[in-house]
Every structure is written in structure tokens, then in C-alpha cells.
Amino acid sequence: MKKTILYSGNEAMGEAAIRAGLKFYAGYPITPQNELTAYMADQLSQRGGIFIQSESELAAINMIFGASAAGARVMTSSSSPGISLKQEGISYIAGAQLPAVIINVMRAGPGLGNIWPAQSDYFQATKGGGHGDYHLIVLAPASVQESFDLTRLAFELADRHRIAVMVLSDGLLGQMMEGLTFDEELAPPAAVEKPWALTGASGRKPHVVCSLFMKRPDVEKNNLILQKKYRRVASREVRYAETFMDDAAMAVVAYGSVARIAEAVVRRLRAKGKKVGLFRPVTLWPFPAKRLADLSRRVKKFLVVEMSYGQMVEDVRLSVEGREAVSFYGRSGGGVPTESQIEREVLKSLSAPLKRRRR
Amino acid sequence: MGKNYSRPQALTDVVTHYCPGCGHGILHRLVAEIIDELGIRGSAIAVAPVGCAVVAYDYWDIDCAEAAHGRALAVATGLKRVQPDKIVFTYQGDGDLAAIGTAETIHAANRGENLTVIFVNNAVYGMTGGQMAPTTLLSQKTATTPRGRQAATEGYPLKISEMLALLNGVVSVERTAVSSPKEVLNTRRAIKDAFMNQMERKGFSIVEVLSMCPTYWDKSPVDAARWISEEMVKYFPLGKIK
């Protein structure tokens, strides 16, 4: 039966995780994601899972390393400075090919920054973050409903590809409340076989979960396995959403909470007859580069709006490969781009001359 | 006459990478013997550290996770909490357990995690080339204390076992050595007790084992063993701490 409740983004991610069969959660307090940790403390242990408030972010990420190595569905959550602390463990999780879900409710940086929303961890989330050649799948919700839906999807993808999946929320999405609808009878994603898990070597050869390969060719071999996996993920798991893109001459490109603000602007300008659309990446890695490349053959202008000083814009520029002009507007440090600021930037871009084509 | 001394089943049939006279070989064997004796080869899960024992998983014929430096007890916490019936233990050196992993060590102990910890104290970082460890003795020369450890600048050797004994969550703390046949047998008994505590769900047990590092102590294997029984035990006295 469908149920609709008023929930915050943080609570929605917690509820989605429990309904996705989460078995083990470890987290450490940090604003603006504290409601999620508290939700887990209250709900998870009552609903068949294990909750630990860890002594540090380092301990939390390594606890989920251990629980995932045992074959359990695992999650940790934090906000930007805490996610920086988790990077070592995330790199080990990637090297050992462990499924895990990591929530980042982004806040402003660098350093301690402040507790207001930001999108300035895009590079860290999508380009690796820790040491070594690896990727996470990065999902960017733009509503409380999507915070729920994409958290559920994160568990499916983590198990499907033996990969860590980050849900990249922000302080605005995490804190705001909206209607959340879900099917109360919906079963968790089907369990997958984990023949590599550490369950005790009874009647079989031992399993080892590690990211260490002492012989040089073996690290390269492991890296080639990872690269093959990333190619597979990139070919199958790209997700994006388009609004008014069918006949758009110009696209605003934004993700997460900024996409919500941009959507209001696009709708208003459409009402005034401007051929503007919204392109919203849902997977930040793998990035919807091919779709943007295709769009750039008919869409003449792109405006990227972020709560950063220009991070995703680099991927947009790489995607359109110089065919069309890509402009950028961003704020970061707690400031949220307003509708009027975005509208001004769209109008400026619309009135600018077209990029001259090379012959 | 039957064979009465052979390789334990839980010990793989390979040549280890350890230096001549190193204590790890003895300790690996003791752990394997105990796993055989307690019949837990099929339920034991080891967590290897970063340090000389980083590839312990090549030597034990059981499931094993290799943790990041210092994080073995966080990894072990995750493994054990979701599989409370498995026998989970960490095997960690002094740098791993008492320097970079101090927080994980203290908090896993304080939560009373039902785990067994084998803490190998050889007063030096072996794998990286003999640098000062938290347990390096005063005046002991290492790569990073070339004129000997000085209390005024490097502080005192850390008695982490005594610190852990203060915590309510800890059920057993014992310090032993592998520097003589008698001490090896006592170490075997202490490690077995620590495994049995876990099997009986009593809680957190740690055995600190003073172990030889002839290479970075710049001593012969015989002199290294003597240095433990004559010098190391003065600062790190053997016996049951809790």
C-alpha cells in the first residue's frame, strides 16, 4: 500500500536504507546530517540492523569495510569534512571491491567552512577522492522523494557491481521537508550471491579481502579488473533527467538542489517564450557525457549552475568538446543561487553571440 | 612411532618472508595450533595489520581481511557485529595498534567488543625500516632516534596494555613474550585463553607479546631474545595485567 508522509531528506535516506535491507550502519556526528545518524540509532536497531556511533569517521568507514567484507549491506553517512576523513577507507573499499553506500550531505568548505549547503565536493566525489585509480558511482537526488529512491538504488548498484556508491545530497536537501511516497510492501532489492565474503572457511578454501598485492603484476591486474568494471558501469548506469529539452536552443545544466531552483527559472522563461531547457545529471559518475555530446549538436548554448566555483562545468565542457559555448554561474560558501540570479545569467547567455564554428 | 610434531592445519605450507630470528614465525604457528586445537578453523576470521605481518593471510589457512594501518579493530568490529558466531581476531604490531590506531584500539576495547587481540610489541617499526615505535625503549636507537629515544623529546614508551586494563569493557589483558621456550608455552596458553574468552562471549581480550626484531635491533637472534628477557621486561613486565 502506498503511504505518503512529510519527511526531511536526511530521514528519507535513512528510511530508504532500512527498507533496502541495510544490516550495518556506523556514523559519527556532523551537521547537517545528524538527523540521519539519529534516525539510524532509533530505527535500525529496532528493525533488524546494527547501529554503531563510531569514535571517528575513520572508524566508521573501516567498520563498514569489515561488515561489508562479511557480506552485509552497509552504509555510513557524513558531511563534507567528515567525508574527507573517510577517503582513506573509501580507497581501500574500492581496492577490495566491497559494496557500500556512503551518504554525503554536503556543506560549505574548504576546511571547517560552515554548515550551510554547498556542492563543492563534486571533484572529490566523482574523480576518486582518495588515492589510487578508482571511481564511486555518485547519485545526486534533487528532492526528498529522490533522496529516498536513489538511496534504495544505491544499495542495488553497490551489490550489482561490487562498488561503493555515494549519494551526494546537500544541507538544503537534507534539512528540507517534503511529501515522500513509498510502497509499504515493497521488498528490499533481491540479495545477491557474495561468494567472496568472509564467513569462515568451513569446508572451503580461505577467502581474503584486501587491497594489497605484494607482487607488482598483481596490483596492475587488480586495477585492470577495476577499470573493466568502471567501463561496464559507465555503459549501463548513466541516469539523467530532462525538462523542456526536446526543442531547447539553450540548456541550463544543474544537479541536486540547484536543479530545483533552475527548473523554476526554466519554467518561467518558457512561459515567456524562451526556448530554454533543463538538463539534470542524476548520476554524476558515470557522467551523462554522451547525452550531452548528442545534445550539443543541436543545443547552441549551455549554462552550468552550481553551488561551487566551477566543478561539474569541467565535465560539461569535456562532454560538448568545444562544439558549443559553455558558461558558468556559481556560488559557494553557504550562498544559494537565487532564481533571479540564475534568470539573469540565462538571459545574458541567450543574448551573447553564438560560438563561431571552426571550419 | 607416530609423528608428534607437524605443521598445524591452519598454517599454510609456505616459506614466510620474516627475517631470521623474528618472533612472528613463532606467533603465527601458535595461533594456528590454537585454531586447530579449538576446532575453529571454519569459523575463525583474522584481521591483518599494516606492518611486517601485513600478509599474514598468506600464512594462515583461514578467512582474513587486510585492514588499513591502525584500523584493524574497526574492521574487526564490523566483521564480528554482523557475524557474532564467528571467532574474529586481530594481529597487530605496536605502530599499528598503539600509534596510528590508538583511537580504534581504545574505543573497540571500551565498547567491550567480543574480540581477541594479539598485540606484537617489538619496540620498532619493522616493515618501513626500523623507525621509533610508541613502545621503543628510552635510549633505544632506531632510524628516527639515531642517538637513542629521549623522554624529553619523544616521550616515554607507551604502556597501552596497562591503559586498556583500566577500561570496564575489557575482560582480559596479559603480557607475555616469545624469547624463551618457557615464555613461548606461556604465550600459547595466554592466546588460547583469549580465544576462549571470545568463544564464551566474555568480551574484549588482549595479549601483548614481546617479540624479537633482530634486524632492527641490530642484534643476533640469540642476543635479541636475551634483550627481551633482560631489558624489555624491566619496562614492560610480563604477567596478567587484568
# chains A, B, ... in the order shown; residues from 1 in each chain; ligands from 1

$ closest_atom_pairs --of "chain A" --to "chain B" --cutoff "10 Å" --atoms "only C-alpha atoms" --output "Markdown table"
| residue | atom | partner | partner_atom | distance |
| --- | --- | --- | --- | --- |
| A:Lys23 | CA | B:Val82 | CA | 7.6 |
| A:Phe24 | CA | B:Val82 | CA | 7.3 |
| A:Tyr25 | CA | B:Gly78 | CA | 9.3 |
| A:Ala26 | CA | B:Gly78 | CA | 8.9 |
| A:Gly49 | CA | B:Val82 | CA | 8.7 |
| A:Ile50 | CA | B:Arg81 | CA | 7.4 |
| A:Phe51 | CA | B:Arg81 | CA | 9.6 |
| A:Ile52 | CA | B:Gly78 | CA | 9.4 |
| A:Ser54 | CA | B:His107 | CA | 8.3 |
| A:Glu55 | CA | B:His107 | CA | 6.6 |
| A:Ser56 | CA | B:Ala103 | CA | 8.2 |
| A:Leu58 | CA | B:Arg71 | CA | 7.8 |
| A:Ala59 | CA | B:Ala74 | CA | 5.3 |
| A:Ala60 | CA | B:Ala74 | CA | 7.4 |
| A:Ile61 | CA | B:Ala74 | CA | 8.4 |
| A:Asn62 | CA | B:Val75 | CA | 5.1 |
| A:Met63 | CA | B:Gly78 | CA | 4.4 |
| A:Ile64 | CA | B:Gly78 | CA | 5.9 |
| A:Phe65 | CA | B:Val75 | CA | 6.0 |
| A:Gly66 | CA | B:Val75 | CA | 4.1 |
| A:Ala67 | CA | B:Gly78 | CA | 4.1 |
| A:Ser68 | CA | B:Gly78 | CA | 7.7 |
| A:Ala69 | CA | B:Leu79 | CA | 7.0 |
| A:Ala70 | CA | B:Leu79 | CA | 5.6 |
| A:Gly71 | CA | B:Val82 | CA | 8.7 |
| A:Ala72 | CA | B:Val82 | CA | 7.1 |
| A:Arg73 | CA | B:Val82 | CA | 9.9 |
| A:Val74 | CA | B:Gly78 | CA | 9.5 |
| A:Glu88 | CA | B:Ala68 | CA | 8.1 |
| A:Gly89 | CA | B:Ala68 | CA | 7.3 |
| A:Ser91 | CA | B:Ala68 | CA | 9.9 |
| A:Tyr92 | CA | B:Ala68 | CA | 7.3 |
| A:Ala96 | CA | B:Glu66 | CA | 9.2 |
| A:Trp196 | CA | B:Asp63 | CA | 9.9 |
| A:Ala197 | CA | B:Asp63 | CA | 8.8 |
| A:Leu198 | CA | B:Asp63 | CA | 5.7 |
| A:Thr199 | CA | B:Ser43 | CA | 7.1 |
| A:Gly200 | CA | B:Ser43 | CA | 4.2 |
| A:Ala201 | CA | B:Gly42 | CA | 4.6 |
| A:Ser202 | CA | B:Gly42 | CA | 3.7 |
| A:Gly203 | CA | B:Gly42 | CA | 7.0 |
| A:Arg204 | CA | B:Gly42 | CA | 8.4 |
| A:Lys205 | CA | B:Asp61 | CA | 7.6 |
| A:Pro206 | CA | B:Asp63 | CA | 4.7 |
| A:His207 | CA | B:Asp63 | CA | 4.8 |
| A:Val208 | CA | B:Cys64 | CA | 4.9 |
| A:Val209 | CA | B:Ala65 | CA | 4.7 |
| A:Cys210 | CA | B:Glu66 | CA | 4.8 |
| A:Ser211 | CA | B:Glu66 | CA | 7.4 |
| A:Leu212 | CA | B:Glu66 | CA | 7.6 |
| A:Phe213 | CA | B:Val55 | CA | 9.1 |
| A:Met214 | CA | B:Val55 | CA | 8.3 |

$ residues_around --residues "segment 225-227 of chain B" --least-positions-apart "3" --cutoff "9 Å" --atoms "only C-alpha atoms" --output "list of chain:residue names"
B:Gly21, B:Val178, B:Ser179, B:Ser180, B:Ser211, B:Met212, B:Cys213, B:Pro214, B:Lys219, B:Ser220, B:Pro221, B:Val222, B:Glu230, B:Glu231, B:Met232, B:Val233

$ write_last_selection --atoms "C-alpha atoms" --output "mmCIF file, in the first residue's frame"
data_model
loop_
_atom_site.group_PDB
_atom_site.id
_atom_site.type_symbol
_atom_site.label_atom_id
_atom_site.label_comp_id
_atom_site.auth_asym_id
_atom_site.auth_seq_id
_atom_site.Cartn_x
_atom_site.Cartn_y
_atom_site.Cartn_z
ATOM 1 C CA GLY B 21 65.120 -14.793 14.499
ATOM 2 C CA VAL B 178 58.391 -15.384 22.832
ATOM 3 C CA SER B 179 62.009 -15.041 23.963
ATOM 4 C CA SER B 180 62.390 -18.489 25.556
ATOM 5 C CA SER B 211 58.753 -10.246 20.276
ATOM 6 C CA MET B 212 62.211 -10.153 18.726
ATOM 7 C CA CYS B 213 63.281 -7.950 15.844
ATOM 8 C CA PRO B 214 66.981 -8.863 15.454
ATOM 9 C CA LYS B 219 71.447 -7.979 17.306
ATOM 10 C CA SER B 220 71.900 -11.670 16.657
ATOM 11 C CA PRO B 221 68.734 -13.751 17.197
ATOM 12 C CA VAL B 222 70.148 -15.055 20.486
ATOM 13 C CA GLU B 230 66.952 -8.687 30.362
ATOM 14 C CA GLU B 231 65.898 -5.216 29.206
ATOM 15 C CA MET B 232 62.414 -5.059 27.718
ATOM 16 C CA VAL B 233 60.701 -6.787 30.626
#

$ closest_residue --among "A:Ser296, A:Gln33, A:Gln175, A:Gln119" --to "Tyr309 of chain A" --atoms "only C-alpha atoms"
A:Gln119

$ residues_around --residues "segment 149-153 of chain A" --least-positions-apart "2" --cutoff "7 Å" --atoms "only C-alpha atoms" --output "MDAnalysis selection string"
chainID A and resid 13 16:17 20 139 141 145:147 155:157 167

$ select_by_dssp --residues "segment 124-302 of chain A" --states "strand (DSSP E)" --output "PyMOL selection string"
chain A and resi 137-139+164-170+177-183+208-209+240-243+250-253+276-281+283-285+301-302

$ select_by_dssp --residues "segment 7-178 of chain B" --states "alpha helix (DSSP H)" --output "ChimeraX atom specification"
/B:24-38,72-82,94-95,102-110,151-154,160-165

$ write_last_selection --atoms "C-alpha atoms" --output "tab-separated table (two decimals), in the first residue's frame"
chain	number	residue	atom	x	y	z
B	24	HIS	CA	56.29	-13.50	14.04
B	25	GLY	CA	57.01	-17.03	12.79
B	26	ILE	CA	56.64	-18.44	16.32
B	27	LEU	CA	53.46	-16.44	16.92
B	28	HIS	CA	51.86	-17.41	13.62
B	29	ARG	CA	52.44	-21.03	14.49
B	30	LEU	CA	50.99	-20.63	17.98
B	31	VAL	CA	47.85	-19.01	16.59
B	32	ALA	CA	47.48	-21.82	14.03
B	33	GLU	CA	47.97	-24.51	16.69
B	34	ILE	CA	45.30	-22.93	18.88
B	35	ILE	CA	42.86	-22.64	15.97
B	36	ASP	CA	43.36	-26.38	15.32
B	37	GLU	CA	43.06	-27.27	18.97
B	38	LEU	CA	39.85	-25.29	19.48
B	72	ALA	CA	42.12	-3.46	12.31
B	73	LEU	CA	39.83	-3.18	15.33
B	74	ALA	CA	37.28	-1.07	13.43
B	75	VAL	CA	37.27	-3.67	10.64
B	76	ALA	CA	37.03	-6.46	13.22
B	77	THR	CA	34.11	-4.67	14.90
B	78	GLY	CA	32.18	-4.68	11.61
B	79	LEU	CA	33.01	-8.33	10.90
B	80	LYS	CA	32.03	-9.50	14.37
B	81	ARG	CA	28.87	-7.45	14.84
B	82	VAL	CA	27.22	-8.89	11.76
B	94	ASP	CA	52.99	-1.71	18.07
B	95	GLY	CA	52.85	1.05	15.44
B	102	THR	CA	45.22	4.21	19.23
B	103	ALA	CA	41.68	5.55	18.94
B	104	GLU	CA	40.33	2.39	17.28
B	105	THR	CA	42.07	0.25	19.91
B	106	ILE	CA	40.77	2.17	22.91
B	107	HIS	CA	37.22	2.50	21.64
B	108	ALA	CA	36.81	-1.10	20.48
B	109	ALA	CA	38.06	-2.13	23.93
B	110	ASN	CA	35.81	0.35	25.68
B	151	ALA	CA	61.92	11.22	27.08
B	152	ALA	CA	62.24	14.99	26.76
B	153	THR	CA	61.60	14.98	23.01
B	154	GLU	CA	59.99	11.62	22.18
B	160	ILE	CA	48.90	0.71	26.20
B	161	SER	CA	48.06	-2.65	27.78
B	162	GLU	CA	48.02	-1.06	31.23
B	163	MET	CA	45.84	1.73	29.81
B	164	LEU	CA	43.39	-0.79	28.35
B	165	ALA	CA	43.19	-2.65	31.66

$ residues_around --residues "Thr187 of chain B" --least-positions-apart "3" --cutoff "10 Å" --atoms "only C-alpha atoms" --output "PyMOL selection string"
chain B and resi 27+30-31+174-178+181-184+190-193+207-210

$ residues_around --residues "segment 286-291 of chain A" --least-positions-apart "5" --cutoff "10 Å" --atoms "only C-alpha atoms" --output "count of residues only"
28

$ residues_around --residues "Ala143 of chain B" --least-positions-apart "2" --cutoff "9 Å" --atoms "only C-alpha atoms" --output "list in words"
Gly129, Gly130, Gln131, Met132, Lys141, Thr145, Pro146 and Tyr216 of chain B

$ write_last_selection --atoms "N, CA, C and O atoms" --output "PDB file, in the first residue's frame"
ATOM      1  N   GLY B 129      61.473  -0.018   8.023  1.00  0.00           N
ATOM      2  CA  GLY B 129      62.913   0.154   8.142  1.00  0.00           C
ATOM      3  C   GLY B 129      63.427   0.538   9.519  1.00  0.00           C
ATOM      4  O   GLY B 129      64.466   1.190   9.643  1.00  0.00           O
ATOM      5  N   GLY B 130      62.713   0.154  10.560  1.00  0.00           N
ATOM      6  CA  GLY B 130      63.280   0.296  11.902  1.00  0.00           C
ATOM      7  C   GLY B 130      63.160   1.667  12.524  1.00  0.00           C
ATOM      8  O   GLY B 130      64.071   2.142  13.210  1.00  0.00           O
ATOM      9  N   GLN B 131      62.030   2.333  12.313  1.00  0.00           N
ATOM     10  CA  GLN B 131      61.815   3.633  12.957  1.00  0.00           C
ATOM     11  C   GLN B 131      61.310   3.468  14.390  1.00  0.00           C
ATOM     12  O   GLN B 131      60.910   2.380  14.807  1.00  0.00           O
ATOM     13  N   MET B 132      61.294   4.593  15.127  1.00  0.00           N
ATOM     14  CA  MET B 132      60.807   4.573  16.504  1.00  0.00           C
ATOM     15  C   MET B 132      59.330   4.188  16.541  1.00  0.00           C
ATOM     16  O   MET B 132      58.517   4.738  15.797  1.00  0.00           O
ATOM     17  N   LYS B 141      68.193   2.977  20.048  1.00  0.00           N
ATOM     18  CA  LYS B 141      68.475   3.624  18.768  1.00  0.00           C
ATOM     19  C   LYS B 141      67.594   3.038  17.671  1.00  0.00           C
ATOM     20  O   LYS B 141      67.468   1.812  17.547  1.00  0.00           O
ATOM     21  N   THR B 145      65.428   7.709  15.803  1.00  0.00           N
ATOM     22  CA  THR B 145      66.039   8.176  17.056  1.00  0.00           C
ATOM     23  C   THR B 145      67.510   7.746  17.007  1.00  0.00           C
ATOM     24  O   THR B 145      67.939   6.880  17.766  1.00  0.00           O
ATOM     25  N   PRO B 146      68.270   8.336  16.086  1.00  0.00           N
ATOM     26  CA  PRO B 146      69.637   7.833  15.841  1.00  0.00           C
ATOM     27  C   PRO B 146      70.543   7.952  17.056  1.00  0.00           C
ATOM     28  O   PRO B 146      71.529   7.231  17.162  1.00  0.00           O
ATOM     29  N   TYR B 216      66.276  -4.960  13.197  1.00  0.00           N
ATOM     30  CA  TYR B 216      66.311  -3.530  13.524  1.00  0.00           C
ATOM     31  C   TYR B 216      66.741  -3.249  14.953  1.00  0.00           C
ATOM     32  O   TYR B 216      66.814  -2.098  15.364  1.00  0.00           O
TER      33      TYR B 216
END

$ atom_distance --atom1 "atom CA of Lys221 of chain A" --atom2 "atom CA of Gln124 of chain A"
25.1 Å

$ closest_residue --among "A:Ser327, A:Gln311, A:Ser45, A:Thr4" --to "Leu350 of chain A" --atoms "only C-alpha atoms"
A:Ser327

$ residues_around --residues "Ala94 of chain A" --least-positions-apart "5" --cutoff "10 Å" --atoms "only C-alpha atoms" --output "list in words"
Gly89, Pro99, Ala100, Gly128, Gly130, Gly132, Asp133, Tyr134, His135, Leu136, Arg162, Ile163, Ala164, Ser211 and Leu226 of chain A

$ decode --residues "segment 223-254 of chain A" --atoms "N, CA, C and O atoms" --output "PDB file, in the first residue's frame"
ATOM      1  N   ASN A 223      43.936  -3.542 -10.869  1.00  0.00           N
ATOM      2  CA  ASN A 223      43.499  -2.278 -11.469  1.00  0.00           C
ATOM      3  C   ASN A 223      42.767  -2.500 -12.788  1.00  0.00           C
ATOM      4  O   ASN A 223      41.799  -1.801 -13.098  1.00  0.00           O
ATOM      5  N   LEU A 224      43.230  -3.482 -13.568  1.00  0.00           N
ATOM      6  CA  LEU A 224      42.561  -3.752 -14.846  1.00  0.00           C
ATOM      7  C   LEU A 224      41.159  -4.314 -14.608  1.00  0.00           C
ATOM      8  O   LEU A 224      40.224  -4.014 -15.362  1.00  0.00           O
ATOM      9  N   ILE A 225      41.021  -5.099 -13.537  1.00  0.00           N
ATOM     10  CA  ILE A 225      39.678  -5.596 -13.171  1.00  0.00           C
ATOM     11  C   ILE A 225      38.777  -4.419 -12.810  1.00  0.00           C
ATOM     12  O   ILE A 225      37.625  -4.338 -13.241  1.00  0.00           O
ATOM     13  N   LEU A 226      39.327  -3.476 -12.021  1.00  0.00           N
ATOM     14  CA  LEU A 226      38.541  -2.294 -11.642  1.00  0.00           C
ATOM     15  C   LEU A 226      38.163  -1.480 -12.873  1.00  0.00           C
ATOM     16  O   LEU A 226      37.013  -1.054 -13.024  1.00  0.00           O
ATOM     17  N   GLN A 227      39.115  -1.275 -13.772  1.00  0.00           N
ATOM     18  CA  GLN A 227      38.835  -0.456 -14.956  1.00  0.00           C
ATOM     19  C   GLN A 227      37.758  -1.089 -15.829  1.00  0.00           C
ATOM     20  O   GLN A 227      36.901  -0.401 -16.379  1.00  0.00           O
ATOM     21  N   LYS A 228      37.794  -2.410 -15.921  1.00  0.00           N
ATOM     22  CA  LYS A 228      36.776  -3.121 -16.709  1.00  0.00           C
ATOM     23  C   LYS A 228      35.402  -2.895 -16.075  1.00  0.00           C
ATOM     24  O   LYS A 228      34.410  -2.652 -16.769  1.00  0.00           O
ATOM     25  N   LYS A 229      35.382  -2.958 -14.741  1.00  0.00           N
ATOM     26  CA  LYS A 229      34.128  -2.734 -14.030  1.00  0.00           C
ATOM     27  C   LYS A 229      33.618  -1.311 -14.267  1.00  0.00           C
ATOM     28  O   LYS A 229      32.431  -1.091 -14.505  1.00  0.00           O
ATOM     29  N   TYR A 230      34.518  -0.330 -14.211  1.00  0.00           N
ATOM     30  CA  TYR A 230      34.096   1.052 -14.407  1.00  0.00           C
ATOM     31  C   TYR A 230      33.560   1.274 -15.824  1.00  0.00           C
ATOM     32  O   TYR A 230      32.616   2.034 -16.020  1.00  0.00           O
ATOM     33  N   ARG A 231      34.162   0.598 -16.789  1.00  0.00           N
ATOM     34  CA  ARG A 231      33.635   0.709 -18.161  1.00  0.00           C
ATOM     35  C   ARG A 231      32.234   0.112 -18.249  1.00  0.00           C
ATOM     36  O   ARG A 231      31.342   0.660 -18.905  1.00  0.00           O
ATOM     37  N   ARG A 232      32.049  -1.012 -17.562  1.00  0.00           N
ATOM     38  CA  ARG A 232      30.726  -1.656 -17.560  1.00  0.00           C
ATOM     39  C   ARG A 232      29.697  -0.726 -16.902  1.00  0.00           C
ATOM     40  O   ARG A 232      28.598  -0.524 -17.415  1.00  0.00           O
ATOM     41  N   VAL A 233      30.063  -0.160 -15.763  1.00  0.00           N
ATOM     42  CA  VAL A 233      29.155   0.758 -15.058  1.00  0.00           C
ATOM     43  C   VAL A 233      28.847   1.960 -15.944  1.00  0.00           C
ATOM     44  O   VAL A 233      27.697   2.386 -16.070  1.00  0.00           O
ATOM     45  N   ALA A 234      29.881   2.493 -16.583  1.00  0.00           N
ATOM     46  CA  ALA A 234      29.694   3.691 -17.413  1.00  0.00           C
ATOM     47  C   ALA A 234      28.774   3.408 -18.596  1.00  0.00           C
ATOM     48  O   ALA A 234      28.044   4.289 -19.047  1.00  0.00           O
ATOM     49  N   SER A 235      28.777   2.176 -19.089  1.00  0.00           N
ATOM     50  CA  SER A 235      27.946   1.877 -20.249  1.00  0.00           C
ATOM     51  C   SER A 235      26.501   1.555 -19.848  1.00  0.00           C
ATOM     52  O   SER A 235      25.597   1.619 -20.671  1.00  0.00           O
ATOM     53  N   ARG A 236      26.278   1.208 -18.576  1.00  0.00           N
ATOM     54  CA  ARG A 236      24.937   0.745 -18.196  1.00  0.00           C
ATOM     55  C   ARG A 236      24.187   1.638 -17.220  1.00  0.00           C
ATOM     56  O   ARG A 236      22.967   1.554 -17.129  1.00  0.00           O
ATOM     57  N   GLU A 237      24.888   2.417 -16.445  1.00  0.00           N
ATOM     58  CA  GLU A 237      24.222   3.028 -15.285  1.00  0.00           C
ATOM     59  C   GLU A 237      24.054   4.545 -15.373  1.00  0.00           C
ATOM     60  O   GLU A 237      23.744   5.180 -14.372  1.00  0.00           O
ATOM     61  N   VAL A 238      24.248   5.107 -16.549  1.00  0.00           N
ATOM     62  CA  VAL A 238      24.081   6.569 -16.672  1.00  0.00           C
ATOM     63  C   VAL A 238      22.600   6.939 -16.514  1.00  0.00           C
ATOM     64  O   VAL A 238      21.725   6.305 -17.095  1.00  0.00           O
ATOM     65  N   ARG A 239      22.345   7.955 -15.701  1.00  0.00           N
ATOM     66  CA  ARG A 239      20.969   8.425 -15.500  1.00  0.00           C
ATOM     67  C   ARG A 239      20.940   9.946 -15.517  1.00  0.00           C
ATOM     68  O   ARG A 239      21.839  10.597 -14.994  1.00  0.00           O
ATOM     69  N   TYR A 240      19.890  10.501 -16.118  1.00  0.00           N
ATOM     70  CA  TYR A 240      19.739  11.960 -16.163  1.00  0.00           C
ATOM     71  C   TYR A 240      18.267  12.276 -16.340  1.00  0.00           C
ATOM     72  O   TYR A 240      17.459  11.385 -16.648  1.00  0.00           O
ATOM     73  N   ALA A 241      17.912  13.533 -16.144  1.00  0.00           N
ATOM     74  CA  ALA A 241      16.523  13.963 -16.342  1.00  0.00           C
ATOM     75  C   ALA A 241      16.534  15.223 -17.196  1.00  0.00           C
ATOM     76  O   ALA A 241      17.429  16.065 -17.055  1.00  0.00           O
ATOM     77  N   GLU A 242      15.545  15.325 -18.095  1.00  0.00           N
ATOM     78  CA  GLU A 242      15.475  16.488 -18.983  1.00  0.00           C
ATOM     79  C   GLU A 242      14.107  17.157 -18.852  1.00  0.00           C
ATOM     80  O   GLU A 242      13.088  16.478 -18.765  1.00  0.00           O
ATOM     81  N   THR A 243      14.110  18.478 -18.815  1.00  0.00           N
ATOM     82  CA  THR A 243      12.868  19.246 -18.778  1.00  0.00           C
ATOM     83  C   THR A 243      12.907  20.254 -19.921  1.00  0.00           C
ATOM     84  O   THR A 243      13.867  21.053 -19.993  1.00  0.00           O
ATOM     85  N   PHE A 244      11.913  20.205 -20.811  1.00  0.00           N
ATOM     86  CA  PHE A 244      11.840  21.104 -21.980  1.00  0.00           C
ATOM     87  C   PHE A 244      13.076  20.992 -22.876  1.00  0.00           C
ATOM     88  O   PHE A 244      13.474  21.974 -23.504  1.00  0.00           O
ATOM     89  N   MET A 245      13.687  19.828 -22.947  1.00  0.00           N
ATOM     90  CA  MET A 245      14.903  19.738 -23.759  1.00  0.00           C
ATOM     91  C   MET A 245      14.591  19.390 -25.220  1.00  0.00           C
ATOM     92  O   MET A 245      15.462  19.506 -26.084  1.00  0.00           O
ATOM     93  N   ASP A 246      13.341  18.953 -25.511  1.00  0.00           N
ATOM     94  CA  ASP A 246      13.024  18.491 -26.864  1.00  0.00           C
ATOM     95  C   ASP A 246      13.326  19.538 -27.929  1.00  0.00           C
ATOM     96  O   ASP A 246      13.842  19.217 -28.999  1.00  0.00           O
ATOM     97  N   ASP A 247      12.972  20.781 -27.649  1.00  0.00           N
ATOM     98  CA  ASP A 247      13.183  21.816 -28.668  1.00  0.00           C
ATOM     99  C   ASP A 247      14.045  22.962 -28.124  1.00  0.00           C
ATOM    100  O   ASP A 247      13.986  24.078 -28.624  1.00  0.00           O
ATOM    101  N   ALA A 248      14.812  22.671 -27.091  1.00  0.00           N
ATOM    102  CA  ALA A 248      15.562  23.756 -26.443  1.00  0.00           C
ATOM    103  C   ALA A 248      16.720  24.225 -27.319  1.00  0.00           C
ATOM    104  O   ALA A 248      17.422  23.425 -27.942  1.00  0.00           O
ATOM    105  N   ALA A 249      16.917  25.530 -27.352  1.00  0.00           N
ATOM    106  CA  ALA A 249      18.077  26.104 -28.031  1.00  0.00           C
ATOM    107  C   ALA A 249      19.192  26.342 -27.021  1.00  0.00           C
ATOM    108  O   ALA A 249      20.358  26.498 -27.383  1.00  0.00           O
ATOM    109  N   MET A 250      18.785  26.390 -25.755  1.00  0.00           N
ATOM    110  CA  MET A 250      19.772  26.592 -24.698  1.00  0.00           C
ATOM    111  C   MET A 250      19.434  25.662 -23.527  1.00  0.00           C
ATOM    112  O   MET A 250      18.259  25.446 -23.231  1.00  0.00           O
ATOM    113  N   ALA A 251      20.468  25.119 -22.900  1.00  0.00           N
ATOM    114  CA  ALA A 251      20.237  24.236 -21.760  1.00  0.00           C
ATOM    115  C   ALA A 251      20.902  24.793 -20.507  1.00  0.00           C
ATOM    116  O   ALA A 251      22.064  25.210 -20.552  1.00  0.00           O
ATOM    117  N   VAL A 252      20.141  24.797 -19.419  1.00  0.00           N
ATOM    118  CA  VAL A 252      20.757  25.010 -18.110  1.00  0.00           C
ATOM    119  C   VAL A 252      21.118  23.625 -17.587  1.00  0.00           C
ATOM    120  O   VAL A 252      20.296  22.712 -17.622  1.00  0.00           O
ATOM    121  N   VAL A 253      22.365  23.453 -17.146  1.00  0.00           N
ATOM    122  CA  VAL A 253      22.806  22.170 -16.611  1.00  0.00           C
ATOM    123  C   VAL A 253      23.052  22.348 -15.119  1.00  0.00           C
ATOM    124  O   VAL A 253      23.861  23.194 -14.719  1.00  0.00           O
ATOM    125  N   ALA A 254      22.319  21.593 -14.320  1.00  0.00           N
ATOM    126  CA  ALA A 254      22.471  21.687 -12.864  1.00  0.00           C
ATOM    127  C   ALA A 254      22.036  20.370 -12.251  1.00  0.00           C
ATOM    128  O   ALA A 254      21.261  19.623 -12.856  1.00  0.00           O
TER     129      ALA A 254
END
